[in-house]
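Peer 1: Below is the structure I would like to discuss, written out as structure tokens.
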Amino acid sequence: MEKLSLQFKMFIFSFVIVFFSIFTSGAMMIHNIGGAFEKEFGLRAIAIARTVAQMRDVQETVGTKQGFETIQPIAERIRLATDVDYIVIFDMNGVRYSHPSESKIGTVSEDIVKNVASSQHEYISKALGVQGFSIRAFIPIMNSDATKQVGVINVGILSPKWYILVERYKSDILFSLFWGIVIGLIGSILIARHIKRQTLNLEPYQIARIVQERSAIMQAMDVGILATDEVGHITFINRLARQYTHYFSNDGTLEKIFQNTWLAEEKIANNENYRPLLLFDQMYLVRTFPIRINDKNAGYLIMITNRQEAHILAEQLTGVKALVDTLRAQHHESLNRLHSIAGLIQLDRNEDALSLIIDEITDEETIIQKLRDKIHDYSIQGLFLGKHSRAKELGVDLTLDDDSYLLDFMTGFSSGDMITIIGNLIDNAMEACLTKETRDVNILVQGDQHFLFIEIQDSGVGIEGNPNKIFDYGYSTKQQAGHGIGMALIKQIIESNKGKISVTSEVNIGTTITIQAGGEIL
């Protein structure tokens with residue numbers, strides 16, 4: 001049954017519905033026709049009874065000893081002429097003076113004696129007899145002066161049987177059944193075609209399977225996924241999204257689930273890039289996509305990734321590529337040192353070669369020791385060391401301020417967040433200095449679990465116009481693809497942790513960027 005086509009199912013259902021509808025309608029029609037017949041029979045019977053009751057021979061002979069000899073022929077003649085089933089005339093004692101069966105003449109009817117004889121009212125009743133239900137009309141017989149009741153006339157007509165009515169109207173019933181099935185078949189085909197067009201020519205079991213597969217796939221993904229309708233009501237939420245948002249109800253709105261966050265306060269737009277979102281002291285990244293059906297807005301798809309995704313994004317921005325550049329710079333610098341040392345040795349200037357080696361070792365050890373003393377996270381130490389090597393290759397004087405220290409990451413910031421922030425700030429500062437003769441970059445980092453302060457100064461070309469435009473997504477002075485993301489991402493991370501970022505700049509003088517989150521500077 002599950003694999004049957006929608007069109008065939010609708011044909012079967014239409015046939016069953018039409019059949020039972022016509023069957024029910026036919027039964028009601030037979031019932032109504034039967035009721036109409038009974039009403040007509042009642043009126044007919046009472047009219048015949050009135051006529052007989054007005055006959056003088058009946059009025060004068062009923063109740064007399066030999067009255068049946070006059071009354072029986074009159075009643076039978078009228079019965080046969082009017083095609084009724086029986087005409088029975090009683091006196092006031094319930095004695096029959098006429099009856100279709102002559103053996104009943106002269107007998108007494110207790111029913112007439114108890115319920116009818118004393119009444120002078122006309123009425124119609126339905127009673128069950130030997131031959132079935134009959135419609136009976138009771139009319140009192142008055143004397144010739146109409147001052148006294150002398151008897152009762154009972155005229156009866158048998159009700160038609162239901163199978164007789166069915167036989168009589170079977171052609172109408174079959175005609176209705178035939179055309180009902182034909183119309184139902186055509187209607188079911190048209191409706192099925194319309195529904196299949198609306199469902200992309202998929203059968204119901206195929207649609208159900210697609211929905212189940214979609215739900216299973218969405219639940220199995222390692223990304224939190226929510227879907228909404230056009231007004232923001234949640235229509236789907238997978239297990240990870242429930243875990244991230246701590247929302248386990250089956251309905252809700254974005255304002256209710258993401259209250260006090262930018263996702264609830266801002267109107268969702270097409271945002272194919274990650275934006276940070278702080279939920280329950282945990283940083284997540286969010287991507288939103290509008291859902292459009294027939295060029296109309298049908299809702300939104302929201303994807304939430306955990307902190308690990310932030311790490312991956314940080315590695316994409318400053319990790320793998322920066323690591324390759326750093327290794328290349330160190331390799332290039334090491335080759336230069338080796339070439340210099342080898343040349344001095346060949347010139348028999350061994351003392352100069354030894355002095356160069358000692359200077360290089362001392363410089364490296366000084367930088368490494370400074371990082372160990374002031375920065376307690378190995379990933380940030382490695383980042384500074386790599387950026388220092390890259391700065392030497394570019395001819396930039398990169399300095400970590402002596403007042404710097406980073407005891408721990410402030411709550412809400414991850415290692416990936418810090419790599420993203422510091423790495424992008426240093427890269428932008430060094431690139432701003434490349435066209436200047438003086439190439440100085442100084443960075444001050446202070447922070448622990450409760451606050452974060454970063455200030456980076458460069459002697460670069462500065463920013464023309466409004467310096468805050470560097471935080472606009474996609475803004476960059478570089479022509480290569482993939483730029484214009486770093487500063488926008490930094491701003492989003494800082495503001496998601498309720499921090500502030502500011503920039504001051506003078507053209508050809510330099511730029512200073514300050515970041516502060518949490519408590520006051522120690």
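Chain labels run A, B, ... following the order of the structure tokens; each chain numbers its residues from 1, and ligands are numbered from 1 in the order shown.
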List the spatial neighbours of Thr70 (chain A) as a short mmCIF file (atom, residue, chain, number, x, y, z; two decimals) with N, CA and C atoms, in the first residue's frame - criterion: any atom at most 9 Å away, only C-alpha atoms, same-chain residues fewer than 4 positions off excluded.
Peer 2:
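Result file around.cif:
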data_model
loop_
_atom_site.label_atom_id
_atom_site.label_comp_id
_atom_site.auth_asym_id
_atom_site.auth_seq_id
_atom_site.Cartn_x
_atom_site.Cartn_y
_atom_site.Cartn_z
N ASP A 57 -76.34 4.98 5.02
CA ASP A 57 -76.56 3.56 5.32
C ASP A 57 -75.64 3.10 6.44
N VAL A 58 -74.43 3.57 6.43
CA VAL A 58 -73.49 3.19 7.49
C VAL A 58 -73.91 3.80 8.82
N THR A 61 -77.11 1.87 10.17
CA THR A 61 -77.08 0.42 10.41
C THR A 61 -75.99 -0.01 11.38
N VAL A 62 -74.96 0.82 11.59
CA VAL A 62 -73.92 0.42 12.51
C VAL A 62 -74.51 0.36 13.92
N GLN A 66 -78.36 -6.65 12.46
CA GLN A 66 -78.05 -7.14 11.12
C GLN A 66 -77.32 -6.09 10.28
N ILE A 74 -70.78 -2.55 1.36
CA ILE A 74 -70.37 -1.17 1.06
C ILE A 74 -68.86 -1.00 1.29
N TYR A 97 -68.14 -4.65 12.00
CA TYR A 97 -69.25 -4.78 11.07
C TYR A 97 -68.77 -4.95 9.64
#
Peer 1: Would you kindly return, as a list of chain:residue names, each protein, DNA or RNA residue with an atom no farther than 7 Å from any atom of Ser159 (chain A), considering only C-alpha atoms and excluding same-chain residues fewer than 3 positions away?
Peer 2: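 In the requested format, the answer is A:Glu38, A:Phe133, A:Ser134, A:Ile135.
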Peer 1: Selected residues, all heavy atoms, written as a PDB file, in the first residue's frame, please.
Peer 2:
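Writing the result to out.pdb gives the following:
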ATOM      1  N   GLU A  38     -46.017   7.357   3.382  1.00  0.00           N
ATOM      2  CA  GLU A  38     -46.840   7.171   4.586  1.00  0.00           C
ATOM      3  C   GLU A  38     -47.718   8.386   4.843  1.00  0.00           C
ATOM      4  O   GLU A  38     -48.897   8.248   5.225  1.00  0.00           O
ATOM      5  CB  GLU A  38     -45.933   6.906   5.789  1.00  0.00           C
ATOM      6  CG  GLU A  38     -45.247   5.549   5.746  1.00  0.00           C
ATOM      7  CD  GLU A  38     -44.318   5.330   6.912  1.00  0.00           C
ATOM      8  OE1 GLU A  38     -44.152   6.283   7.716  1.00  0.00           O
ATOM      9  OE2 GLU A  38     -43.751   4.237   7.045  1.00  0.00           O
ATOM     10  N   PHE A 133     -46.037  -3.156   8.541  1.00  0.00           N
ATOM     11  CA  PHE A 133     -46.517  -1.869   9.036  1.00  0.00           C
ATOM     12  C   PHE A 133     -47.627  -1.344   8.136  1.00  0.00           C
ATOM     13  O   PHE A 133     -47.583  -1.506   6.906  1.00  0.00           O
ATOM     14  CB  PHE A 133     -45.381  -0.834   9.090  1.00  0.00           C
ATOM     15  CG  PHE A 133     -44.427  -1.053  10.226  1.00  0.00           C
ATOM     16  CD1 PHE A 133     -43.213  -1.697  10.020  1.00  0.00           C
ATOM     17  CD2 PHE A 133     -44.762  -0.626  11.496  1.00  0.00           C
ATOM     18  CE1 PHE A 133     -42.349  -1.901  11.070  1.00  0.00           C
ATOM     19  CE2 PHE A 133     -43.882  -0.823  12.560  1.00  0.00           C
ATOM     20  CZ  PHE A 133     -42.677  -1.476  12.344  1.00  0.00           C
ATOM     21  N   SER A 134     -48.622  -0.717   8.758  1.00  0.00           N
ATOM     22  CA  SER A 134     -49.712  -0.120   8.003  1.00  0.00           C
ATOM     23  C   SER A 134     -50.028   1.253   8.568  1.00  0.00           C
ATOM     24  O   SER A 134     -49.806   1.532   9.746  1.00  0.00           O
ATOM     25  CB  SER A 134     -50.962  -1.005   8.078  1.00  0.00           C
ATOM     26  OG  SER A 134     -51.403  -1.118   9.435  1.00  0.00           O
ATOM     27  N   ILE A 135     -50.541   2.126   7.689  1.00  0.00           N
ATOM     28  CA  ILE A 135     -50.976   3.458   8.077  1.00  0.00           C
ATOM     29  C   ILE A 135     -52.488   3.390   8.290  1.00  0.00           C
ATOM     30  O   ILE A 135     -53.239   3.034   7.366  1.00  0.00           O
ATOM     31  CB  ILE A 135     -50.628   4.492   7.001  1.00  0.00           C
ATOM     32  CG1 ILE A 135     -49.135   4.430   6.684  1.00  0.00           C
ATOM     33  CG2 ILE A 135     -51.025   5.888   7.450  1.00  0.00           C
ATOM     34  CD1 ILE A 135     -48.251   4.662   7.878  1.00  0.00           C
TER      35      ILE A 135
END
Peer 1: Show me, as a PyMOL selection string, the residues that have an atom within 10 Å of region 504-506 of chain A when counting only C-alpha atoms, minus same-chain residues fewer than 4 positions from it.
Peer 2: chain A and resi 457-468+510-514
Peer 1: Could you write those residues out with N, CA and C atoms, as a compact mmCIF listing (two decimals), in the first residue's frame?
Peer 2:
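Saved the output as part00.txt:
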# COMPACT_ATOMS: atom_id res chain seq x y z
N GLN A 457 51.00 50.11 18.04
CA GLN A 457 51.34 51.36 17.36
C GLN A 457 52.28 51.04 16.21
N ASP A 458 52.05 51.71 15.09
CA ASP A 458 52.96 51.56 13.96
C ASP A 458 53.30 52.92 13.40
N SER A 459 54.39 52.99 12.67
CA SER A 459 54.84 54.24 12.04
C SER A 459 54.54 54.21 10.55
N GLY A 460 53.40 53.61 10.22
CA GLY A 460 53.05 53.41 8.82
C GLY A 460 52.43 54.61 8.15
N VAL A 461 51.75 54.33 7.02
CA VAL A 461 51.21 55.39 6.17
C VAL A 461 49.95 56.02 6.74
N GLY A 462 49.35 55.38 7.76
CA GLY A 462 48.12 55.92 8.33
C GLY A 462 46.90 55.60 7.49
N ILE A 463 45.75 56.12 7.94
CA ILE A 463 44.47 55.83 7.27
C ILE A 463 43.83 57.14 6.85
N GLU A 464 43.52 57.28 5.59
CA GLU A 464 42.86 58.49 5.11
C GLU A 464 41.36 58.43 5.42
N GLY A 465 40.79 59.56 5.80
CA GLY A 465 39.36 59.61 6.08
C GLY A 465 39.04 59.02 7.44
N ASN A 466 37.86 58.43 7.53
CA ASN A 466 37.39 57.86 8.80
C ASN A 466 38.16 56.58 9.10
N PRO A 467 38.94 56.54 10.18
CA PRO A 467 39.75 55.34 10.45
C PRO A 467 38.91 54.12 10.82
N ASN A 468 37.65 54.34 11.28
CA ASN A 468 36.82 53.20 11.68
C ASN A 468 36.34 52.37 10.50
N GLY A 510 51.25 57.45 11.41
CA GLY A 510 51.08 56.13 11.99
C GLY A 510 49.68 55.91 12.53
N THR A 511 49.46 54.71 13.03
CA THR A 511 48.13 54.31 13.51
C THR A 511 48.28 53.62 14.86
N THR A 512 47.32 53.89 15.74
CA THR A 512 47.26 53.23 17.05
C THR A 512 45.90 52.58 17.21
N ILE A 513 45.90 51.30 17.53
CA ILE A 513 44.66 50.56 17.77
C ILE A 513 44.67 50.07 19.21
N THR A 514 43.57 50.35 19.92
CA THR A 514 43.46 50.00 21.34
C THR A 514 42.26 49.09 21.56
Peer 1: Set the distance at 6 Å and use only C-alpha atoms: which residues neighbour Ile304 (chain A) once local chain neighbours fewer than 3 positions away are removed? I'd like the list as number ranges by chain.
Peer 2: A: 223-224, 285-286
Peer 1: Please identify the strand (DSSP E or B) residues within region 24-136 of chain A (assignment by DSSP from backbone atoms) and present them as a JSON list (two decimals) with N, CA, C and O atoms, in the first residue's frame.
Peer 2:
[["chain", "number", "residue", "atom", "x", "y", "z"],
["A", 86, "TYR", "N", -57.54, -2.41, 3.90],
["A", 86, "TYR", "CA", -58.71, -2.85, 4.66],
["A", 86, "TYR", "C", -59.53, -1.64, 5.10],
["A", 86, "TYR", "O", -59.02, -0.54, 5.26],
["A", 87, "ILE", "N", -60.84, -1.90, 5.25],
["A", 87, "ILE", "CA", -61.79, -0.94, 5.84],
["A", 87, "ILE", "C", -62.57, -1.71, 6.89],
["A", 87, "ILE", "O", -63.28, -2.66, 6.57],
["A", 88, "VAL", "N", -62.36, -1.32, 8.14],
["A", 88, "VAL", "CA", -63.03, -2.01, 9.25],
["A", 88, "VAL", "C", -63.91, -0.97, 9.95],
["A", 88, "VAL", "O", -63.44, 0.12, 10.31],
["A", 89, "ILE", "N", -65.19, -1.37, 10.15],
["A", 89, "ILE", "CA", -66.15, -0.49, 10.81],
["A", 89, "ILE", "C", -66.57, -1.14, 12.11],
["A", 89, "ILE", "O", -66.91, -2.33, 12.15],
["A", 90, "PHE", "N", -66.49, -0.37, 13.21],
["A", 90, "PHE", "CA", -66.84, -0.86, 14.55],
["A", 90, "PHE", "C", -68.02, -0.07, 15.09],
["A", 90, "PHE", "O", -68.21, 1.12, 14.75],
["A", 91, "ASP", "N", -68.77, -0.75, 15.98],
["A", 91, "ASP", "CA", -69.75, 0.02, 16.76],
["A", 91, "ASP", "C", -69.08, 0.49, 18.04],
["A", 91, "ASP", "O", -67.86, 0.32, 18.23],
["A", 95, "VAL", "N", -67.41, -4.00, 18.19],
["A", 95, "VAL", "CA", -67.80, -5.13, 17.34],
["A", 95, "VAL", "C", -67.56, -4.75, 15.88],
["A", 95, "VAL", "O", -67.92, -3.65, 15.44],
["A", 96, "ARG", "N", -66.90, -5.64, 15.15],
["A", 96, "ARG", "CA", -66.60, -5.39, 13.74],
["A", 96, "ARG", "C", -67.84, -5.62, 12.88],
["A", 96, "ARG", "O", -68.47, -6.69, 12.96],
["A", 97, "TYR", "N", -68.14, -4.65, 12.00],
["A", 97, "TYR", "CA", -69.25, -4.78, 11.07],
["A", 97, "TYR", "C", -68.77, -4.95, 9.64],
["A", 97, "TYR", "O", -69.57, -5.21, 8.74],
["A", 98, "SER", "N", -67.47, -4.79, 9.43],
["A", 98, "SER", "CA", -66.87, -5.07, 8.12],
["A", 98, "SER", "C", -65.41, -5.44, 8.35],
["A", 98, "SER", "O", -64.77, -4.96, 9.30],
["A", 108, "VAL", "N", -64.99, -8.84, 18.49],
["A", 108, "VAL", "CA", -64.75, -7.60, 19.22],
["A", 108, "VAL", "C", -63.25, -7.27, 19.20],
["A", 108, "VAL", "O", -62.41, -8.16, 19.40],
["A", 123, "TYR", "N", -57.69, 10.76, 13.86],
["A", 123, "TYR", "CA", -56.22, 10.69, 13.95],
["A", 123, "TYR", "C", -55.70, 9.58, 13.07],
["A", 123, "TYR", "O", -56.45, 8.70, 12.64],
["A", 124, "ILE", "N", -54.38, 9.68, 12.82],
["A", 124, "ILE", "CA", -53.68, 8.70, 11.99],
["A", 124, "ILE", "C", -52.59, 8.06, 12.82],
["A", 124, "ILE", "O", -51.89, 8.73, 13.58],
["A", 125, "SER", "N", -52.42, 6.74, 12.69],
["A", 125, "SER", "CA", -51.37, 6.04, 13.43],
["A", 125, "SER", "C", -50.71, 5.00, 12.53],
["A", 125, "SER", "O", -51.23, 4.67, 11.47],
["A", 126, "LYS", "N", -49.55, 4.53, 13.02],
["A", 126, "LYS", "CA", -48.82, 3.48, 12.30],
["A", 126, "LYS", "C", -48.71, 2.28, 13.21],
["A", 126, "LYS", "O", -48.30, 2.41, 14.38],
["A", 127, "ALA", "N", -49.07, 1.13, 12.71],
["A", 127, "ALA", "CA", -49.11, -0.07, 13.55],
["A", 127, "ALA", "C", -48.50, -1.24, 12.79],
["A", 127, "ALA", "O", -48.51, -1.28, 11.55],
["A", 128, "LEU", "N", -47.94, -2.19, 13.56],
["A", 128, "LEU", "CA", -47.35, -3.40, 13.00],
["A", 128, "LEU", "C", -48.38, -4.52, 13.05],
["A", 128, "LEU", "O", -48.86, -4.90, 14.12],
["A", 129, "GLY", "N", -48.68, -5.04, 11.87],
["A", 129, "GLY", "CA", -49.62, -6.13, 11.78],
["A", 129, "GLY", "C", -48.99, -7.38, 11.21],
["A", 129, "GLY", "O", -47.77, -7.48, 11.09],
["A", 132, "GLY", "N", -47.17, -6.59, 8.04],
["A", 132, "GLY", "CA", -46.18, -5.53, 8.13],
["A", 132, "GLY", "C", -46.78, -4.25, 8.67],
["A", 132, "GLY", "O", -47.90, -4.24, 9.21],
["A", 133, "PHE", "N", -46.04, -3.16, 8.54],
["A", 133, "PHE", "CA", -46.52, -1.87, 9.04],
["A", 133, "PHE", "C", -47.63, -1.34, 8.14],
["A", 133, "PHE", "O", -47.58, -1.51, 6.91],
["A", 134, "SER", "N", -48.62, -0.72, 8.76],
["A", 134, "SER", "CA", -49.71, -0.12, 8.00],
["A", 134, "SER", "C", -50.03, 1.25, 8.57],
["A", 134, "SER", "O", -49.81, 1.53, 9.75],
["A", 135, "ILE", "N", -50.54, 2.13, 7.69],
["A", 135, "ILE", "CA", -50.98, 3.46, 8.08],
["A", 135, "ILE", "C", -52.49, 3.39, 8.29],
["A", 135, "ILE", "O", -53.24, 3.03, 7.37],
["A", 136, "ARG", "N", -52.93, 3.76, 9.48],
["A", 136, "ARG", "CA", -54.35, 3.61, 9.84],
["A", 136, "ARG", "C", -54.95, 5.00, 10.10],
["A", 136, "ARG", "O", -54.34, 5.82, 10.78]]
Peer 1: Excluding Ser496 (chain A) and its own-chain neighbours fewer than 5 positions away, which residues fall within 10 Å of it when counting only C-alpha atoms? Please give them as a JSON list (two decimals) with all heavy atoms, in the first residue's frame.
Peer 2:
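Below you can see result_31.json, which holds the result:
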[["chain", "number", "residue", "atom", "x", "y", "z"],
["A", 261, "THR", "N", 21.38, 39.06, 22.60],
["A", 261, "THR", "CA", 22.49, 38.88, 21.67],
["A", 261, "THR", "C", 22.13, 39.59, 20.36],
["A", 261, "THR", "O", 20.98, 39.93, 20.10],
["A", 261, "THR", "CB", 22.77, 37.39, 21.38],
["A", 261, "THR", "OG1", 21.65, 36.84, 20.65],
["A", 261, "THR", "CG2", 22.96, 36.62, 22.67],
["A", 262, "TRP", "N", 23.16, 39.78, 19.52],
["A", 262, "TRP", "CA", 22.92, 40.46, 18.25],
["A", 262, "TRP", "C", 21.96, 39.68, 17.36],
["A", 262, "TRP", "O", 21.26, 40.27, 16.52],
["A", 262, "TRP", "CB", 24.23, 40.71, 17.52],
["A", 262, "TRP", "CG", 24.97, 39.46, 17.10],
["A", 262, "TRP", "CD1", 25.97, 38.84, 17.78],
["A", 262, "TRP", "CD2", 24.75, 38.67, 15.92],
["A", 262, "TRP", "NE1", 26.40, 37.72, 17.11],
["A", 262, "TRP", "CE2", 25.67, 37.60, 15.95],
["A", 262, "TRP", "CE3", 23.89, 38.78, 14.84],
["A", 262, "TRP", "CZ2", 25.73, 36.65, 14.96],
["A", 262, "TRP", "CZ3", 23.95, 37.82, 13.83],
["A", 262, "TRP", "CH2", 24.87, 36.77, 13.90],
["A", 275, "ARG", "N", 30.09, 35.02, 12.26],
["A", 275, "ARG", "CA", 30.08, 36.11, 13.23],
["A", 275, "ARG", "C", 30.09, 35.49, 14.62],
["A", 275, "ARG", "O", 29.37, 34.51, 14.88],
["A", 275, "ARG", "CB", 28.84, 36.98, 13.07],
["A", 275, "ARG", "CG", 28.82, 37.81, 11.81],
["A", 275, "ARG", "CD", 27.67, 38.80, 11.84],
["A", 275, "ARG", "NE", 27.81, 39.75, 12.94],
["A", 275, "ARG", "CZ", 26.91, 40.69, 13.23],
["A", 275, "ARG", "NH1", 25.82, 40.79, 12.49],
["A", 275, "ARG", "NH2", 27.10, 41.50, 14.25],
["A", 276, "PRO", "N", 30.90, 36.02, 15.53],
["A", 276, "PRO", "CA", 30.96, 35.43, 16.87],
["A", 276, "PRO", "C", 29.69, 35.72, 17.66],
["A", 276, "PRO", "O", 29.05, 36.75, 17.49],
["A", 276, "PRO", "CB", 32.18, 36.10, 17.49],
["A", 276, "PRO", "CG", 32.39, 37.34, 16.72],
["A", 276, "PRO", "CD", 31.88, 37.10, 15.34],
["A", 277, "LEU", "N", 29.35, 34.79, 18.53],
["A", 277, "LEU", "CA", 28.16, 34.92, 19.38],
["A", 277, "LEU", "C", 28.49, 34.30, 20.73],
["A", 277, "LEU", "O", 28.94, 33.15, 20.81],
["A", 277, "LEU", "CB", 26.98, 34.19, 18.73],
["A", 277, "LEU", "CG", 25.65, 34.24, 19.50],
["A", 277, "LEU", "CD1", 25.05, 35.65, 19.42],
["A", 277, "LEU", "CD2", 24.66, 33.23, 18.93],
["A", 278, "LEU", "N", 28.26, 35.06, 21.79],
["A", 278, "LEU", "CA", 28.55, 34.59, 23.15],
["A", 278, "LEU", "C", 27.27, 34.05, 23.77],
["A", 278, "LEU", "O", 26.28, 34.76, 23.93],
["A", 278, "LEU", "CB", 29.10, 35.74, 24.00],
["A", 278, "LEU", "CG", 29.55, 35.35, 25.42],
["A", 278, "LEU", "CD1", 30.73, 34.37, 25.35],
["A", 278, "LEU", "CD2", 29.94, 36.59, 26.20],
["A", 279, "LEU", "N", 27.29, 32.74, 24.10],
["A", 279, "LEU", "CA", 26.15, 32.10, 24.73],
["A", 279, "LEU", "C", 26.63, 31.34, 25.96],
["A", 279, "LEU", "O", 27.51, 30.48, 25.86],
["A", 279, "LEU", "CB", 25.47, 31.11, 23.77],
["A", 279, "LEU", "CG", 24.69, 31.70, 22.58],
["A", 279, "LEU", "CD1", 24.22, 30.57, 21.67],
["A", 279, "LEU", "CD2", 23.50, 32.52, 23.06],
["A", 283, "MET", "N", 31.98, 30.99, 23.50],
["A", 283, "MET", "CA", 31.99, 31.68, 22.22],
["A", 283, "MET", "C", 31.65, 30.70, 21.10],
["A", 283, "MET", "O", 32.20, 29.60, 21.01],
["A", 283, "MET", "CB", 33.37, 32.30, 21.95],
["A", 283, "MET", "CG", 33.46, 33.05, 20.63],
["A", 283, "MET", "SD", 32.41, 34.50, 20.59],
["A", 283, "MET", "CE", 33.29, 35.54, 21.77],
["A", 284, "TYR", "N", 30.71, 31.11, 20.25],
["A", 284, "TYR", "CA", 30.32, 30.34, 19.08],
["A", 284, "TYR", "C", 30.42, 31.25, 17.86],
["A", 284, "TYR", "O", 30.46, 32.48, 17.97],
["A", 284, "TYR", "CB", 28.90, 29.80, 19.21],
["A", 284, "TYR", "CG", 28.71, 28.85, 20.36],
["A", 284, "TYR", "CD1", 28.19, 29.31, 21.58],
["A", 284, "TYR", "CD2", 29.04, 27.51, 20.25],
["A", 284, "TYR", "CE1", 28.02, 28.44, 22.65],
["A", 284, "TYR", "CE2", 28.87, 26.64, 21.31],
["A", 284, "TYR", "CZ", 28.36, 27.11, 22.51],
["A", 284, "TYR", "OH", 28.20, 26.26, 23.55],
["A", 412, "GLY", "N", 35.81, 34.05, 28.18],
["A", 412, "GLY", "CA", 35.11, 34.37, 26.93],
["A", 412, "GLY", "C", 36.02, 34.34, 25.73],
["A", 412, "GLY", "O", 35.56, 34.17, 24.60],
["A", 413, "PHE", "N", 37.32, 34.51, 25.96],
["A", 413, "PHE", "CA", 38.31, 34.48, 24.87],
["A", 413, "PHE", "C", 39.00, 33.12, 24.87],
["A", 413, "PHE", "O", 39.37, 32.59, 25.92],
["A", 413, "PHE", "CB", 39.36, 35.57, 25.05],
["A", 413, "PHE", "CG", 38.84, 36.96, 24.79],
["A", 413, "PHE", "CD1", 38.29, 37.70, 25.81],
["A", 413, "PHE", "CD2", 38.91, 37.51, 23.52],
["A", 413, "PHE", "CE1", 37.82, 38.98, 25.59],
["A", 413, "PHE", "CE2", 38.44, 38.79, 23.28],
["A", 413, "PHE", "CZ", 37.88, 39.53, 24.32],
["A", 490, "ILE", "N", 37.93, 40.76, 14.22],
["A", 490, "ILE", "CA", 38.43, 41.20, 15.53],
["A", 490, "ILE", "C", 37.37, 42.02, 16.26],
["A", 490, "ILE", "O", 37.11, 41.81, 17.45],
["A", 490, "ILE", "CB", 39.73, 42.02, 15.34],
["A", 490, "ILE", "CG1", 40.88, 41.11, 14.90],
["A", 490, "ILE", "CG2", 40.09, 42.74, 16.64],
["A", 490, "ILE", "CD1", 42.14, 41.85, 14.55],
["A", 491, "LYS", "N", 36.76, 42.96, 15.55],
["A", 491, "LYS", "CA", 35.74, 43.82, 16.16],
["A", 491, "LYS", "C", 34.57, 42.98, 16.68],
["A", 491, "LYS", "O", 34.03, 43.21, 17.77],
["A", 491, "LYS", "CB", 35.24, 44.84, 15.14],
["A", 491, "LYS", "CG", 34.27, 45.89, 15.71],
["A", 491, "LYS", "CD", 34.00, 46.95, 14.66],
["A", 491, "LYS", "CE", 33.18, 48.09, 15.25],
["A", 491, "LYS", "NZ", 31.80, 47.69, 15.58]]
Peer 1: For Ile225 (chain A), find every residue with an atom within 7 Å (counting only C-alpha atoms), except residues of its own chain fewer than 2 positions away, and show them as a short mmCIF file (atom, residue, chain, number, x, y, z; two decimals) with all heavy atoms, in the first residue's frame.
Peer 2:
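Full text of part.cif as output:
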data_model
loop_
_atom_site.label_atom_id
_atom_site.label_comp_id
_atom_site.auth_asym_id
_atom_site.auth_seq_id
_atom_site.Cartn_x
_atom_site.Cartn_y
_atom_site.Cartn_z
N VAL A 223 27.44 20.48 13.47
CA VAL A 223 27.15 21.92 13.50
C VAL A 223 25.73 22.10 14.03
O VAL A 223 24.84 21.34 13.65
CB VAL A 223 27.27 22.53 12.09
CG1 VAL A 223 26.89 24.01 12.10
CG2 VAL A 223 28.68 22.37 11.56
N ALA A 227 16.30 26.34 11.81
CA ALA A 227 15.57 26.89 10.67
C ALA A 227 14.36 27.64 11.21
O ALA A 227 13.73 27.20 12.18
CB ALA A 227 15.14 25.79 9.70
N ILE A 237 15.26 22.44 14.78
CA ILE A 237 16.45 22.66 15.60
C ILE A 237 17.06 21.29 15.90
O ILE A 237 16.38 20.38 16.36
CB ILE A 237 16.10 23.43 16.91
CG1 ILE A 237 17.35 23.61 17.77
CG2 ILE A 237 14.98 22.75 17.66
CD1 ILE A 237 17.12 24.58 18.93
N ASN A 238 18.34 21.13 15.58
CA ASN A 238 18.96 19.82 15.80
C ASN A 238 19.55 19.73 17.21
O ASN A 238 19.51 20.68 18.00
CB ASN A 238 20.00 19.52 14.71
CG ASN A 238 21.26 20.36 14.85
OD1 ASN A 238 21.31 21.30 15.65
ND2 ASN A 238 22.29 20.01 14.10
N ALA A 241 22.30 22.25 18.27
CA ALA A 241 21.75 23.60 18.49
C ALA A 241 21.03 23.66 19.84
O ALA A 241 21.13 24.67 20.55
CB ALA A 241 20.81 23.97 17.35
N ILE A 302 20.19 28.98 10.16
CA ILE A 302 21.23 29.48 11.07
C ILE A 302 22.14 28.32 11.44
O ILE A 302 21.66 27.28 11.91
CB ILE A 302 20.60 30.09 12.33
CG1 ILE A 302 19.66 31.24 11.94
CG2 ILE A 302 21.67 30.57 13.29
CD1 ILE A 302 18.86 31.76 13.09
N MET A 303 23.45 28.49 11.23
CA MET A 303 24.43 27.46 11.54
C MET A 303 25.33 27.97 12.66
O MET A 303 25.88 29.06 12.58
CB MET A 303 25.25 27.12 10.30
CG MET A 303 24.42 26.62 9.13
SD MET A 303 25.40 26.31 7.65
CE MET A 303 26.47 24.99 8.22
N ILE A 304 25.47 27.16 13.71
CA ILE A 304 26.27 27.54 14.88
C ILE A 304 27.39 26.53 15.03
O ILE A 304 27.15 25.32 15.11
CB ILE A 304 25.41 27.54 16.16
CG1 ILE A 304 24.15 28.39 15.96
CG2 ILE A 304 26.20 28.04 17.35
CD1 ILE A 304 23.19 28.34 17.13
#
Peer 1: Which of these, A:Ile367, A:Met430, A:Ile12, A:Ile234, has the shortest distance to Asp402 (chain A) once you count only C-alpha atoms?
Peer 2: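 Using only C-alpha atoms, the shortest distance to Asp402 (chain A) belongs to A:Ile367.
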Peer 1: When you look at region 49-56 of chain A with a cut-off of 6 Å (counting only C-alpha atoms), what residues show up, excluding the ones that are within fewer than 2 positions of it in the same chain? I need them as number ranges by chain.
Peer 2: A: 46-47, 58-59, 141, 155
Peer 1: For a quick check of understanding, using only C-alpha atoms, which of A:Gly63, A:Pro73, A:Pro100, A:Gly299 has the smallest distance to Met142 (chain A)?
Peer 2: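 Closest residue, counting only C-alpha atoms: A:Gly63.
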